[in-house]
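Here is the structure we will look at.
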Amino acid sequence: MTTLCLIPARGGSKGIPGKNLREVAGKPLIVWTIEQALEADANLDVVVSTDSEEIAEIARQLGADVPFLRPSEFATDTATSESVVEHAIAFRTEQGRRPDQVMLLQATSPVRMRGTLDRAMAEFTDKGVDTLVGVVPRTPFYWEDGPEPRAQYDVMARPRRQDLTPSTYRYFENGSLYVTRTEIYETQHNRIGGRVALFILDEAEGIDIDTLHDLAVAEERLRELKESFS
C-alpha cells in the first residue's frame, strides 16, 4: 500500500501575507509540517505542492519531493484543496506511481505530537475505512445564534465537565490531517467520503492559523513541543 503524503503550500495568502514562509518558533511555518512527515516511521511519499520557487527550494533541501510547480489554476484563492490533491494524484499516476491513499497535511495546522502521523496511518489501516478525519475534542456547550438562540445541548440536564464521555463530546475538524483512499478523490472529488472514522488529535494540536493571533498561539505551542522533545 502506497501513501501519498501531500502538503499544499501556496506562496500567497490574503489573511497573513507570505504565511507559509513566516518564521514560527525558529523555522518557516512550512518546515514544521514537512519535517513531521519526513520523520514518520510510516512509508510516506512526501510531496509538497507549491507555486513558489522559494518554498520548493526549502522543501527540496529538507528532503521532500517537489516534482512540479503547481499550475496557476490550482494556486488561486478559489482553488480547492481537493483540486490540488487530484492534480498530484494525476501526476503520480502518469509516472506509474498511483497511490492507494492520500494523507493530506495542512501546513497551517503545524502542531502535531511526535507519533501522530504514524498513529493515524495505523488507525486508518486497522479500521479499514475510506476516510480518516483529524478532529479535536470540544465540550458540547454550543449554541446557534438567531432571533431565538438555541442550545445544542439539554440545558435542563447540563452535564458537569468531569462527567463528560466520548459520546457527549463534540469534535472539531481543524484541517490538520486527513487520510483518504485515492478512489474517493477520483470518484467523489472530496477529501471525505465512503466509510468515515474520526482520528482524535490531542487538544494541543487543535490550532489552525488564520490570524496573527493564531500565529502567536502556534508559536507558543511549537516552542513548548520543541522543548519537550529536546
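In the C-alpha cells, chains take the letters A, B, ... in the order shown, each chain's residues start at 1, and ligands count up from 1 in the order shown.
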
| request: From stretch 64-132 of chain A, collect each residue whose DSSP state is strand (DSSP E or B) and return the set as number ranges by chain. | output: A: 65, 101-105, 131-132

Store the residues of this selection in a file with N, CA, C and O atoms, as a PDB file, in the first residue's frame.
ATOM      1  N   ASP A  65       9.852  15.753  -1.783  1.00  0.00           N
ATOM      2  CA  ASP A  65       9.830  15.757  -3.245  1.00  0.00           C
ATOM      3  C   ASP A  65       8.973  16.936  -3.719  1.00  0.00           C
ATOM      4  O   ASP A  65       7.879  17.171  -3.196  1.00  0.00           O
ATOM      5  N   GLN A 101      -3.682   5.595  -1.140  1.00  0.00           N
ATOM      6  CA  GLN A 101      -4.377   6.576  -0.315  1.00  0.00           C
ATOM      7  C   GLN A 101      -3.540   7.846  -0.222  1.00  0.00           C
ATOM      8  O   GLN A 101      -2.350   7.846  -0.546  1.00  0.00           O
ATOM      9  N   VAL A 102      -4.195   8.902   0.220  1.00  0.00           N
ATOM     10  CA  VAL A 102      -3.537  10.207   0.346  1.00  0.00           C
ATOM     11  C   VAL A 102      -3.663  10.696   1.767  1.00  0.00           C
ATOM     12  O   VAL A 102      -4.764  10.734   2.334  1.00  0.00           O
ATOM     13  N   MET A 103      -2.534  11.062   2.360  1.00  0.00           N
ATOM     14  CA  MET A 103      -2.537  11.783   3.627  1.00  0.00           C
ATOM     15  C   MET A 103      -2.367  13.268   3.291  1.00  0.00           C
ATOM     16  O   MET A 103      -1.346  13.663   2.722  1.00  0.00           O
ATOM     17  N   LEU A 104      -3.395  14.049   3.596  1.00  0.00           N
ATOM     18  CA  LEU A 104      -3.354  15.483   3.336  1.00  0.00           C
ATOM     19  C   LEU A 104      -3.009  16.198   4.626  1.00  0.00           C
ATOM     20  O   LEU A 104      -3.721  16.071   5.639  1.00  0.00           O
ATOM     21  N   LEU A 105      -1.893  16.938   4.622  1.00  0.00           N
ATOM     22  CA  LEU A 105      -1.451  17.695   5.790  1.00  0.00           C
ATOM     23  C   LEU A 105      -1.486  19.182   5.470  1.00  0.00           C
ATOM     24  O   LEU A 105      -0.876  19.614   4.485  1.00  0.00           O
ATOM     25  N   THR A 131     -12.012   7.011   4.806  1.00  0.00           N
ATOM     26  CA  THR A 131     -11.550   8.340   5.191  1.00  0.00           C
ATOM     27  C   THR A 131     -11.318   8.396   6.689  1.00  0.00           C
ATOM     28  O   THR A 131     -12.139   7.918   7.479  1.00  0.00           O
ATOM     29  N   LEU A 132     -10.196   8.991   7.072  1.00  0.00           N
ATOM     30  CA  LEU A 132      -9.895   9.273   8.467  1.00  0.00           C
ATOM     31  C   LEU A 132      -9.770  10.783   8.602  1.00  0.00           C
ATOM     32  O   LEU A 132      -8.958  11.400   7.897  1.00  0.00           O
TER      33      LEU A 132
END

- Message: When you look at A:Ser72 with a cut-off of 12 Å (counting only C-alpha atoms), what residues show up, excluding the ones that are within fewer than 6 positions of it in the same chain? I need them as a list in words.
- Response: Arg10, Gly11, Gly12, Ser49, Thr50, Asp51, Ser52, Thr78, Ala79, Ser83, Val84 and His87 of chain A

With only C-alpha atoms as the counted atoms, please give the residues lying no more than 10 Å from stretch 197-204 of chain A, apart from itself and same-chain residues fewer than 3 positions off, as an mmCIF file with C-alpha atoms, in the first residue's frame.
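out_1.cif written:
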data_model
loop_
_atom_site.group_PDB
_atom_site.id
_atom_site.type_symbol
_atom_site.label_atom_id
_atom_site.label_comp_id
_atom_site.auth_asym_id
_atom_site.auth_seq_id
_atom_site.Cartn_x
_atom_site.Cartn_y
_atom_site.Cartn_z
ATOM 1 C CA VAL A 111 1.244 21.497 15.881
ATOM 2 C CA ARG A 112 1.439 17.709 15.781
ATOM 3 C CA MET A 113 2.779 15.480 18.521
ATOM 4 C CA THR A 116 0.694 11.409 15.435
ATOM 5 C CA ARG A 119 -0.841 6.584 14.726
ATOM 6 C CA ALA A 120 -3.109 7.982 12.011
ATOM 7 C CA MET A 121 -1.842 5.522 9.411
ATOM 8 C CA GLU A 123 -5.783 3.577 12.684
ATOM 9 C CA PHE A 124 -6.641 4.035 9.008
ATOM 10 C CA LYS A 127 -10.303 0.388 10.972
ATOM 11 C CA GLY A 128 -10.480 -0.395 7.260
ATOM 12 C CA VAL A 129 -12.182 2.927 6.493
ATOM 13 C CA ASP A 130 -12.193 5.062 3.363
ATOM 14 C CA THR A 131 -11.550 8.340 5.191
ATOM 15 C CA LEU A 132 -9.895 9.273 8.467
ATOM 16 C CA VAL A 133 -10.606 12.841 9.619
ATOM 17 C CA GLY A 134 -8.396 14.581 12.171
ATOM 18 C CA VAL A 135 -10.514 16.194 14.887
ATOM 19 C CA VAL A 136 -10.048 17.881 18.254
ATOM 20 C CA PRO A 137 -12.399 17.159 21.187
ATOM 21 C CA ARG A 138 -14.617 20.009 22.389
ATOM 22 C CA TYR A 171 -15.350 17.009 17.671
ATOM 23 C CA PHE A 172 -13.913 19.932 15.690
ATOM 24 C CA GLU A 173 -12.393 19.301 12.258
ATOM 25 C CA ASN A 174 -9.398 21.647 12.336
ATOM 26 C CA SER A 176 -4.717 19.336 10.242
ATOM 27 C CA LEU A 177 -4.867 15.830 8.824
ATOM 28 C CA TYR A 178 -6.921 13.636 6.519
ATOM 29 C CA VAL A 179 -6.217 10.156 5.188
ATOM 30 C CA ILE A 192 -14.230 12.925 2.834
ATOM 31 C CA GLY A 194 -17.228 6.425 1.905
ATOM 32 C CA ILE A 207 -4.508 25.223 16.274
ATOM 33 C CA ALA A 218 1.030 28.314 17.336
ATOM 34 C CA ARG A 221 2.750 25.683 21.399
ATOM 35 C CA LEU A 222 5.514 24.764 18.979
ATOM 36 C CA LEU A 225 6.654 20.993 21.851
#

With only C-alpha atoms as the counted atoms, please give the residues lying no more than 9 Å from stretch 209-213 of chain A, apart from itself and same-chain residues fewer than 6 positions off, as a list in words.
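Skipping anything fewer than 6 positions along the chain leaves Gly15, Ile16, Lys19, Ala107, Thr108, Ser109 and Pro110 of chain A.
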
**Prompt:** If you count only C-alpha atoms, which residues fall within 12 Å of A:Ile34, apart from same-chain ones fewer than 3 positions away, as number ranges by chain?
**Reply:** A: 5-9, 20, 27-31, 37-40, 44-49, 55-56, 58-66, 104-112, 117

So that I have them on file, write out the residues from the current selection with C-alpha atoms, as a PDB file, in the first residue's frame.
ATOM      1  CA  CYS A   5       1.577  12.499   1.814  1.00  0.00           C
ATOM      2  CA  LEU A   6       0.653  15.804   0.218  1.00  0.00           C
ATOM      3  CA  ILE A   7       1.497  19.172   1.782  1.00  0.00           C
ATOM      4  CA  PRO A   8      -0.101  22.097  -0.094  1.00  0.00           C
ATOM      5  CA  ALA A   9       1.733  25.398   0.347  1.00  0.00           C
ATOM      6  CA  ASN A  20       3.898  29.596   4.813  1.00  0.00           C
ATOM      7  CA  LYS A  27      11.530  27.900  11.486  1.00  0.00           C
ATOM      8  CA  PRO A  28       9.470  28.868   8.444  1.00  0.00           C
ATOM      9  CA  LEU A  29       5.926  27.645   9.055  1.00  0.00           C
ATOM     10  CA  ILE A  30       6.033  25.136   6.185  1.00  0.00           C
ATOM     11  CA  VAL A  31       9.129  23.443   7.651  1.00  0.00           C
ATOM     12  CA  ALA A  37       6.062  13.971   7.556  1.00  0.00           C
ATOM     13  CA  LEU A  38       9.682  13.020   6.844  1.00  0.00           C
ATOM     14  CA  GLU A  39      10.280  11.864  10.425  1.00  0.00           C
ATOM     15  CA  ALA A  40       7.280   9.498  10.435  1.00  0.00           C
ATOM     16  CA  LEU A  44       5.111   8.120   3.116  1.00  0.00           C
ATOM     17  CA  ASP A  45       5.722   9.608  -0.327  1.00  0.00           C
ATOM     18  CA  VAL A  46       6.144  13.199   0.922  1.00  0.00           C
ATOM     19  CA  VAL A  47       5.278  15.714  -1.789  1.00  0.00           C
ATOM     20  CA  VAL A  48       4.991  19.488  -1.444  1.00  0.00           C
ATOM     21  CA  SER A  49       2.597  21.121  -3.919  1.00  0.00           C
ATOM     22  CA  ILE A  55       9.006  27.141  -0.815  1.00  0.00           C
ATOM     23  CA  ALA A  56      10.022  24.487  -3.350  1.00  0.00           C
ATOM     24  CA  ILE A  58      13.172  24.800   1.143  1.00  0.00           C
ATOM     25  CA  ALA A  59      11.200  21.569   0.682  1.00  0.00           C
ATOM     26  CA  ARG A  60      13.883  20.017  -1.525  1.00  0.00           C
ATOM     27  CA  GLN A  61      16.634  20.928   0.957  1.00  0.00           C
ATOM     28  CA  LEU A  62      14.692  19.169   3.702  1.00  0.00           C
ATOM     29  CA  GLY A  63      14.310  16.033   1.572  1.00  0.00           C
ATOM     30  CA  ALA A  64      10.707  16.313   0.409  1.00  0.00           C
ATOM     31  CA  ASP A  65       9.830  15.757  -3.245  1.00  0.00           C
ATOM     32  CA  VAL A  66       8.699  18.730  -5.336  1.00  0.00           C
ATOM     33  CA  LEU A 104      -3.354  15.483   3.336  1.00  0.00           C
ATOM     34  CA  LEU A 105      -1.451  17.695   5.790  1.00  0.00           C
ATOM     35  CA  GLN A 106      -2.228  21.395   6.109  1.00  0.00           C
ATOM     36  CA  ALA A 107       0.820  23.496   6.932  1.00  0.00           C
ATOM     37  CA  THR A 108      -1.458  25.989   8.692  1.00  0.00           C
ATOM     38  CA  SER A 109      -2.070  23.398  11.437  1.00  0.00           C
ATOM     39  CA  PRO A 110       1.596  22.825  12.329  1.00  0.00           C
ATOM     40  CA  VAL A 111       1.244  21.497  15.881  1.00  0.00           C
ATOM     41  CA  ARG A 112       1.439  17.709  15.781  1.00  0.00           C
ATOM     42  CA  LEU A 117       1.153  10.607  11.735  1.00  0.00           C
TER      43      LEU A 117
END

ask   = Which residue, A:Arg170, A:Arg70, A:Arg161, A:Arg223, has the smallest gap to A:Tyr142 when you use only C-alpha atoms?
value =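 Of the candidates, the smallest distance to A:Tyr142 is held by A:Arg170.
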
Between A:Thr33, A:Asp77, A:Arg181, A:Phe141, smallest distance to A:Arg195 by only C-alpha atoms belongs to A:Arg181

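Excluding A:His189 itself and same-chain residues fewer than 5 positions from it, the residues having an atom within 8 Å of it are A:Glu82, A:Ser83, A:Glu86, A:Ile184, counting only C-alpha atoms.
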
**Request:** Go through A:Gly175, A:Asp41, A:Thr139, A:Arg150 one by one, measure the shortest atom-to-atom distance of each to A:Asp163 using only C-alpha atoms, and give the residue with the smallest value.
**Result:**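 Nearest candidate to A:Asp163 out of A:Gly175, A:Asp41, A:Thr139, A:Arg150: A:Thr139.
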
**Request:** Would you mind reading off the distance between atom CA of A:Pro67 and atom CA of A:Arg92, one decimal, in Å?
**Result:**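 Taking atom CA of A:Pro67 as the start and atom CA of A:Arg92 as the end point, the length is 9.1 Å.
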
Counting only C-alpha atoms, the option among A:Glu186, A:Glu227, A:Glu94, A:Asp118 closest to A:Thr3:
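Closest to A:Thr3 of all the choices is A:Asp118.
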